[in-house]
Amino acid sequence: MLPRERFAWIWTIALVLIGAAYFIAVAVQQQAHAELGFLTRIATLAVALGSLAVVAGGERLFALLSGRHRYEAPDERERFMDARASTHAYYVLMAGMLIVGFVMPFGRGGWDIVHGAFLAVIAAEVVHHGSLALAYRRGWRV
């Protein structure tokens with residue numbers, strides 16, 4: 001398995017698992033307490049983002065220690081796959097940000113907008129790295 005493909009799979013799985021855990025934790029916290037404090041909310045977000053940083057750093061450290069750290073410039077096929085995956089992710093991110101920026105401020109505010117933006121970023125990254133990982137597995141047809 002190529003290093004870029006391995007990272008795409010690991011990052012997609014980590015985003016889904018950590019994102020789901022974050023939103024489940026937020027839902028449980030909201031059910032348990034009527035009003036959550038700022039520190040509780042920001043700590044929950046920091047744990048989720050820190051976990052993602054540990055996964056990305058751990059994968060890079062594993063690649064470095066395993067001796068497979070040789071960096072090879074992406075070839076034409078890899079650049080094409082990344083461009084197509086980025087295009088799909090861009091559309092998902094823009095749709096999410098339009099909802100967060102134009103719709104949510106009229107009905108909700110504060111942390112609901114933060115959660116919506118975080119969900120849009122996670123969805124776009126899952127689309128990007130998931131489609132990139134599938135492109136490595138199945139090949140990319142124009």
# chains A, B, ... in the order shown; residues from 1 in each chain; ligands from 1
$ closest_atom_pairs --of "region 38-127 of chain A" --to "region 3-10 of chain A" --cutoff "12 Å" --atoms "only C-alpha atoms" --output "Markdown table"
| residue | atom | partner | partner_atom | distance |
| --- | --- | --- | --- | --- |
| A:Leu52 | CA | A:Ile10 | CA | 10.6 |
| A:Val54 | CA | A:Ile10 | CA | 11.9 |
| A:Val55 | CA | A:Ile10 | CA | 8.1 |
| A:Ala56 | CA | A:Phe7 | CA | 8.2 |
| A:Gly57 | CA | A:Phe7 | CA | 10.8 |
| A:Gly58 | CA | A:Ile10 | CA | 10.5 |
| A:Glu59 | CA | A:Phe7 | CA | 7.1 |
| A:Arg60 | CA | A:Phe7 | CA | 8.5 |
| A:Leu61 | CA | A:Phe7 | CA | 11.8 |
| A:Phe62 | CA | A:Pro3 | CA | 10.6 |
| A:Ala63 | CA | A:Pro3 | CA | 7.7 |
| A:Leu64 | CA | A:Pro3 | CA | 10.8 |
| A:Ser66 | CA | A:Pro3 | CA | 11.3 |
| A:Gly67 | CA | A:Pro3 | CA | 11.4 |
| A:Arg68 | CA | A:Pro3 | CA | 7.9 |
| A:His69 | CA | A:Pro3 | CA | 8.5 |
| A:Arg70 | CA | A:Pro3 | CA | 9.5 |
| A:Tyr71 | CA | A:Pro3 | CA | 9.2 |
| A:Glu72 | CA | A:Pro3 | CA | 9.8 |
| A:Ala73 | CA | A:Arg4 | CA | 10.9 |
| A:Pro74 | CA | A:Arg4 | CA | 9.3 |
| A:Asp75 | CA | A:Arg4 | CA | 11.9 |
| A:Glu78 | CA | A:Arg4 | CA | 9.1 |
| A:Arg79 | CA | A:Arg4 | CA | 11.4 |
| A:Met81 | CA | A:Glu5 | CA | 11.2 |
| A:Asp82 | CA | A:Arg4 | CA | 10.3 |
| A:Ala85 | CA | A:Ala8 | CA | 11.2 |
| A:Glu125 | CA | A:Ala8 | CA | 9.8 |
| A:Val126 | CA | A:Ala8 | CA | 9.1 |
| A:Val127 | CA | A:Ala8 | CA | 10.5 |
$ residues_around --residues "Tyr90 (chain A)" --least-positions-apart "4" --cutoff "10 Å" --atoms "only C-alpha atoms" --output "PyMOL selection string"
chain A and resi 84-86+94-96+121+124-125+127-128
$ write_last_selection --atoms "C-alpha atoms" --output "PDB file, in the first residue's frame"
ATOM      1  CA  ARG A  84     -10.777  15.313  -8.494  1.00  0.00           C
ATOM      2  CA  ALA A  85     -11.127  14.442  -4.813  1.00  0.00           C
ATOM      3  CA  SER A  86     -10.457  18.079  -3.858  1.00  0.00           C
ATOM      4  CA  MET A  94     -19.173  25.136   0.260  1.00  0.00           C
ATOM      5  CA  ALA A  95     -22.641  23.635   0.742  1.00  0.00           C
ATOM      6  CA  GLY A  96     -21.960  23.239   4.458  1.00  0.00           C
ATOM      7  CA  VAL A 121     -15.210  20.517   7.582  1.00  0.00           C
ATOM      8  CA  ALA A 124     -15.497  17.664   3.295  1.00  0.00           C
ATOM      9  CA  GLU A 125     -12.354  15.944   4.589  1.00  0.00           C
ATOM     10  CA  VAL A 127     -15.223  13.094   1.040  1.00  0.00           C
ATOM     11  CA  HIS A 128     -11.726  14.190  -0.011  1.00  0.00           C
TER      12      HIS A 128
END
$ atom_distance --atom1 "CA of Leu93 (chain A)" --atom2 "CA of Ala120 (chain A)"
5.6 Å
$ residues_around --residues "Ser51 (chain A)" --least-positions-apart "4" --cutoff "12 Å" --atoms "only C-alpha atoms" --output "number ranges by chain"
A: 11, 14-15, 17-19, 21-22, 44-47, 55-58
$ atom_distance --atom1 "CA of Arg41 (chain A)" --atom2 "CA of Gly110 (chain A)"
11.2 Å
$ closest_residue --among "A:Leu36, A:Met104, A:Val114, A:Ile122" --to "Val92 (chain A)" --atoms "only C-alpha atoms"
A:Ile122
$ closest_residue --among "A:Arg137, A:His33, A:His129, A:Arg108" --to "His88 (chain A)" --atoms "only C-alpha atoms"
A:His129
$ atom_distance --atom1 "CA of Ala133 (chain A)" --atom2 "CA of Gly50 (chain A)"
23.4 Å
$ select_by_dssp --residues "chain A" --states "alpha helix (DSSP H)" --output "count of residues only"
113
$ closest_residue --among "A:Leu119, A:Met97, A:Ile113, A:Leu2" --to "Ala20 (chain A)" --atoms "only C-alpha atoms"
A:Leu119
$ closest_residue --among "A:Phe106, A:Phe118, A:Asp112, A:Ala123" --to "Tyr91 (chain A)" --atoms "only C-alpha atoms"
A:Ala123
